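First the structure, in the form of structure tokens, and then the observations on it.
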Amino acid sequence: MKPAARGLPALVLSLSLVLAGCATPLGQPLGRPLAQVTAELGAPTARYSLPGGGVRLQYSQQPEGRHVYNLDFDAAGHLLRREDAMQPRAFEAIEPGRWRRADLEQAFGPPAMSWRVARSGEPVWSWRYQEAGFWRWLHVSLDPQTGTVRDWSTADEELPDSATP
């Protein structure tokens with residue numbers, strides 16, 4: 001896929017959510033049936049099983065966007081919880097030594113970018129988010145053998161200066 005086309009799904013989702021007004025993931029009323037939510041929002045970018053027979057629908061704007069919306073439904077298919085997972089308070093739940101790749105994906109969706117540390121070869125998964133008007137990165141380093149989280153950190157995203165030709 002061409003680099004410019006790669007961001008098209010996130011752009012389309014972002015624009016459709018803005019144009020839909022109240023039909024946004026965070027605008028869904030608690031208790032709403034899963035079928036109504038998907039009828040308004042469309043297919044999620046990911047779907048995960050939750051304990052007790054529930055399901056999480058995830059609407060991710062990654063890799064170019066800054067939001068990942070998680071909508072949790074009970075076993076009967078009613079909306080229990082809705083959140084934008086890309087918030088610093090949500091990162092505090094990451095448990096080094098315990099969380100694995102699957103836990104990261106269920107919490108934050110697939111990463112916007114994955115890369116390896118040059119000297120150690122340690123894999124790092126990265127997600128974009130916005131905090132207080134600044135564009136930032138969440139970086140999570142993984143143990144290359146076990147796939148468990150070693151550590152996580154945040155950093156500012158370096159953006160090109162639009163004033164420079």
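Following the order of the structure tokens, chains are lettered A, B, ..., residues in each are numbered from 1, and ligands are numbered from 1.
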
Please list as number ranges by chain every residue within 8 Å of segment 119-132 of chain A, counting only C-alpha atoms and excluding residues in the same chain fewer than 5 positions away. A: 62-67, 86-88, 108, 111-114, 137-144

Let's have the selection written as a PDB file, in the first residue's frame, with C-alpha atoms.
ATOM      1  CA  GLN A  62      -3.987   4.558  14.509  1.00  0.00           C
ATOM      2  CA  PRO A  63      -1.534   4.747  12.788  1.00  0.00           C
ATOM      3  CA  GLU A  64      -2.000   8.432  11.906  1.00  0.00           C
ATOM      4  CA  GLY A  65      -4.804   9.291  14.348  1.00  0.00           C
ATOM      5  CA  ARG A  66      -4.522   9.971  18.061  1.00  0.00           C
ATOM      6  CA  HIS A  67      -7.468   8.006  19.490  1.00  0.00           C
ATOM      7  CA  MET A  86      -5.104   6.833  24.498  1.00  0.00           C
ATOM      8  CA  GLN A  87      -5.060   8.777  27.761  1.00  0.00           C
ATOM      9  CA  PRO A  88      -2.074   8.969  30.134  1.00  0.00           C
ATOM     10  CA  PHE A 108      -4.716   0.080  22.887  1.00  0.00           C
ATOM     11  CA  PRO A 111       0.456  -0.107  17.441  1.00  0.00           C
ATOM     12  CA  ALA A 112       0.913   2.783  15.055  1.00  0.00           C
ATOM     13  CA  MET A 113       4.507   1.690  14.627  1.00  0.00           C
ATOM     14  CA  SER A 114       6.772  -1.148  15.746  1.00  0.00           C
ATOM     15  CA  TRP A 137       3.993   8.837  21.665  1.00  0.00           C
ATOM     16  CA  LEU A 138       3.445   5.937  24.041  1.00  0.00           C
ATOM     17  CA  HIS A 139       6.413   3.539  23.668  1.00  0.00           C
ATOM     18  CA  VAL A 140       6.274   0.022  25.144  1.00  0.00           C
ATOM     19  CA  SER A 141       9.404  -2.149  25.114  1.00  0.00           C
ATOM     20  CA  LEU A 142       8.949  -5.917  24.982  1.00  0.00           C
ATOM     21  CA  ASP A 143      11.119  -8.829  25.989  1.00  0.00           C
ATOM     22  CA  PRO A 144      12.214 -10.396  22.672  1.00  0.00           C
TER      23      PRO A 144
END

Fewer than 2 positions away in the same chain doesn't count, so skip those; otherwise give me all residues within 12 Å of Leu50 of chain A, counting only C-alpha atoms, as a PDB file with C-alpha atoms, in the first residue's frame.
ATOM      1  CA  ARG A  47     -13.165  -7.126  18.493  1.00  0.00           C
ATOM      2  CA  TYR A  48     -12.026  -8.845  21.721  1.00  0.00           C
ATOM      3  CA  GLY A  52     -17.957 -13.148  31.676  1.00  0.00           C
ATOM      4  CA  GLY A  53     -18.978 -13.424  28.033  1.00  0.00           C
ATOM      5  CA  GLY A  54     -18.744  -9.732  27.179  1.00  0.00           C
ATOM      6  CA  VAL A  55     -17.095  -8.187  24.156  1.00  0.00           C
ATOM      7  CA  ARG A  56     -14.950  -5.132  23.458  1.00  0.00           C
ATOM      8  CA  LEU A  57     -15.406  -3.278  20.191  1.00  0.00           C
ATOM      9  CA  ASN A  70     -12.951   0.969  23.432  1.00  0.00           C
ATOM     10  CA  LEU A  71     -16.619   0.090  23.900  1.00  0.00           C
ATOM     11  CA  ASP A  72     -17.249  -2.752  26.370  1.00  0.00           C
ATOM     12  CA  PHE A  73     -20.488  -4.751  26.252  1.00  0.00           C
ATOM     13  CA  ASP A  74     -21.856  -7.270  28.758  1.00  0.00           C
ATOM     14  CA  ALA A  75     -22.806 -10.855  27.828  1.00  0.00           C
ATOM     15  CA  GLY A  77     -24.864  -7.159  24.436  1.00  0.00           C
ATOM     16  CA  LEU A  80     -21.242  -1.014  29.915  1.00  0.00           C
ATOM     17  CA  ASP A 103      -2.929  -7.348  26.530  1.00  0.00           C
ATOM     18  CA  GLN A 106      -6.794  -5.356  23.733  1.00  0.00           C
ATOM     19  CA  ALA A 107      -6.103  -2.150  25.665  1.00  0.00           C
TER      20      ALA A 107
END

Counting only C-alpha atoms, what is within 9 Å of Gln28 of chain A, bar same-chain residues fewer than 6 positions away, as a PyMOL selection string? chain A and resi 22+37+71+79+82

Selection above as a file: all heavy atoms, as a compact mmCIF listing (two decimals), in the first residue's frame:
# COMPACT_ATOMS: atom_id res chain seq x y z
N CYS A 22 -23.38 13.09 17.12
CA CYS A 22 -23.53 12.27 18.32
C CYS A 22 -23.23 10.80 18.06
O CYS A 22 -23.15 10.02 18.99
CB CYS A 22 -24.92 12.44 18.93
SG CYS A 22 -26.22 11.82 17.86
N VAL A 37 -25.20 0.11 18.15
CA VAL A 37 -23.90 0.79 18.11
C VAL A 37 -23.20 0.51 16.78
O VAL A 37 -22.73 1.43 16.11
CB VAL A 37 -23.01 0.37 19.30
CG1 VAL A 37 -21.59 0.89 19.13
CG2 VAL A 37 -23.61 0.86 20.62
N LEU A 71 -15.24 0.19 23.44
CA LEU A 71 -16.62 0.09 23.90
C LEU A 71 -16.82 -1.32 24.43
O LEU A 71 -16.70 -2.30 23.68
CB LEU A 71 -17.60 0.37 22.76
CG LEU A 71 -17.43 1.69 22.02
CD1 LEU A 71 -18.43 1.81 20.89
CD2 LEU A 71 -17.59 2.86 22.97
N LEU A 79 -24.07 -1.92 26.23
CA LEU A 79 -22.87 -1.11 26.46
C LEU A 79 -22.70 -0.80 27.94
O LEU A 79 -23.57 -0.22 28.58
CB LEU A 79 -22.96 0.19 25.66
CG LEU A 79 -21.74 1.13 25.73
CD1 LEU A 79 -20.48 0.44 25.22
CD2 LEU A 79 -22.01 2.40 24.95
N ARG A 82 -17.37 3.00 27.96
CA ARG A 82 -16.79 3.57 26.75
C ARG A 82 -15.63 4.47 27.17
O ARG A 82 -15.73 5.18 28.17
CB ARG A 82 -17.84 4.34 25.97
CG ARG A 82 -18.46 5.46 26.76
CD ARG A 82 -19.72 6.00 26.10
NE ARG A 82 -20.22 7.15 26.81
CZ ARG A 82 -21.08 7.11 27.82
NH1 ARG A 82 -21.56 5.97 28.23
NH2 ARG A 82 -21.46 8.22 28.41

Counting only C-alpha atoms, the residue of A:Val68, A:Phe134, A:Gly97, A:Ala102 that sits nearest Thr148 of chain A: A:Gly97

Point-to-point distance in Å for atom CA of Arg98 of chain A and atom CA of Trp115 of chain A: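 Calculated distance between atom CA of Trp115 of chain A and atom CA of Arg98 of chain A is 21.0 Å.
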
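Counting only C-alpha atoms, the residue from A:Val149, A:Ala85, A:Ala46, A:Leu30 that sits nearest to Arg101 of chain A is A:Val149.
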
Among listed residues A:Leu41, A:Ala155, A:Val117, A:Ala93, nearest Tyr69 of chain A (using only C-alpha atoms):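 Comparing A:Leu41, A:Ala155, A:Val117, A:Ala93 against Tyr69 of chain A, the winner is A:Leu41.
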
Report the residues of chain A whose backbone DSSP state falls under strand (DSSP E or B), written as an MDAnalysis selection string. chainID A and resid 33 46:49 55:60 68:73 78:84 100 113:116 123:131 134:142 148:156

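When atom CA of Glu158 of chain A is paired with atom CA of Glu92 of chain A, their separation reads 23.5 Å.
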
Pick the closest to Thr154 of chain A from A:Pro110, A:Phe91, A:Trp99, A:Thr24: which is it, counting only C-alpha atoms?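 For Thr154 of chain A, the nearest of the candidates is A:Phe91.
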
Restricting the calculation to only C-alpha atoms, which member of A:Glu157, A:Arg150, A:Ile94, A:Tyr59 is positioned closest to Gly109 of chain A?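 Among A:Glu157, A:Arg150, A:Ile94, A:Tyr59, it is A:Tyr59 that comes nearest to Gly109 of chain A.
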
So which residues of chain A fall under helix (DSSP H, G or I) by DSSP, listed as a PyMOL selection string? chain A and resi 3-6+8-19+25-27+34-41+51-53+88-91+101-108

Point out the residue among A:Pro51, A:Thr45, A:Arg89, A:Ser153 with the least atom-to-atom distance to Glu105 of chain A, counting only C-alpha atoms.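 Using only C-alpha atoms, Glu105 of chain A sits closest to A:Thr45.
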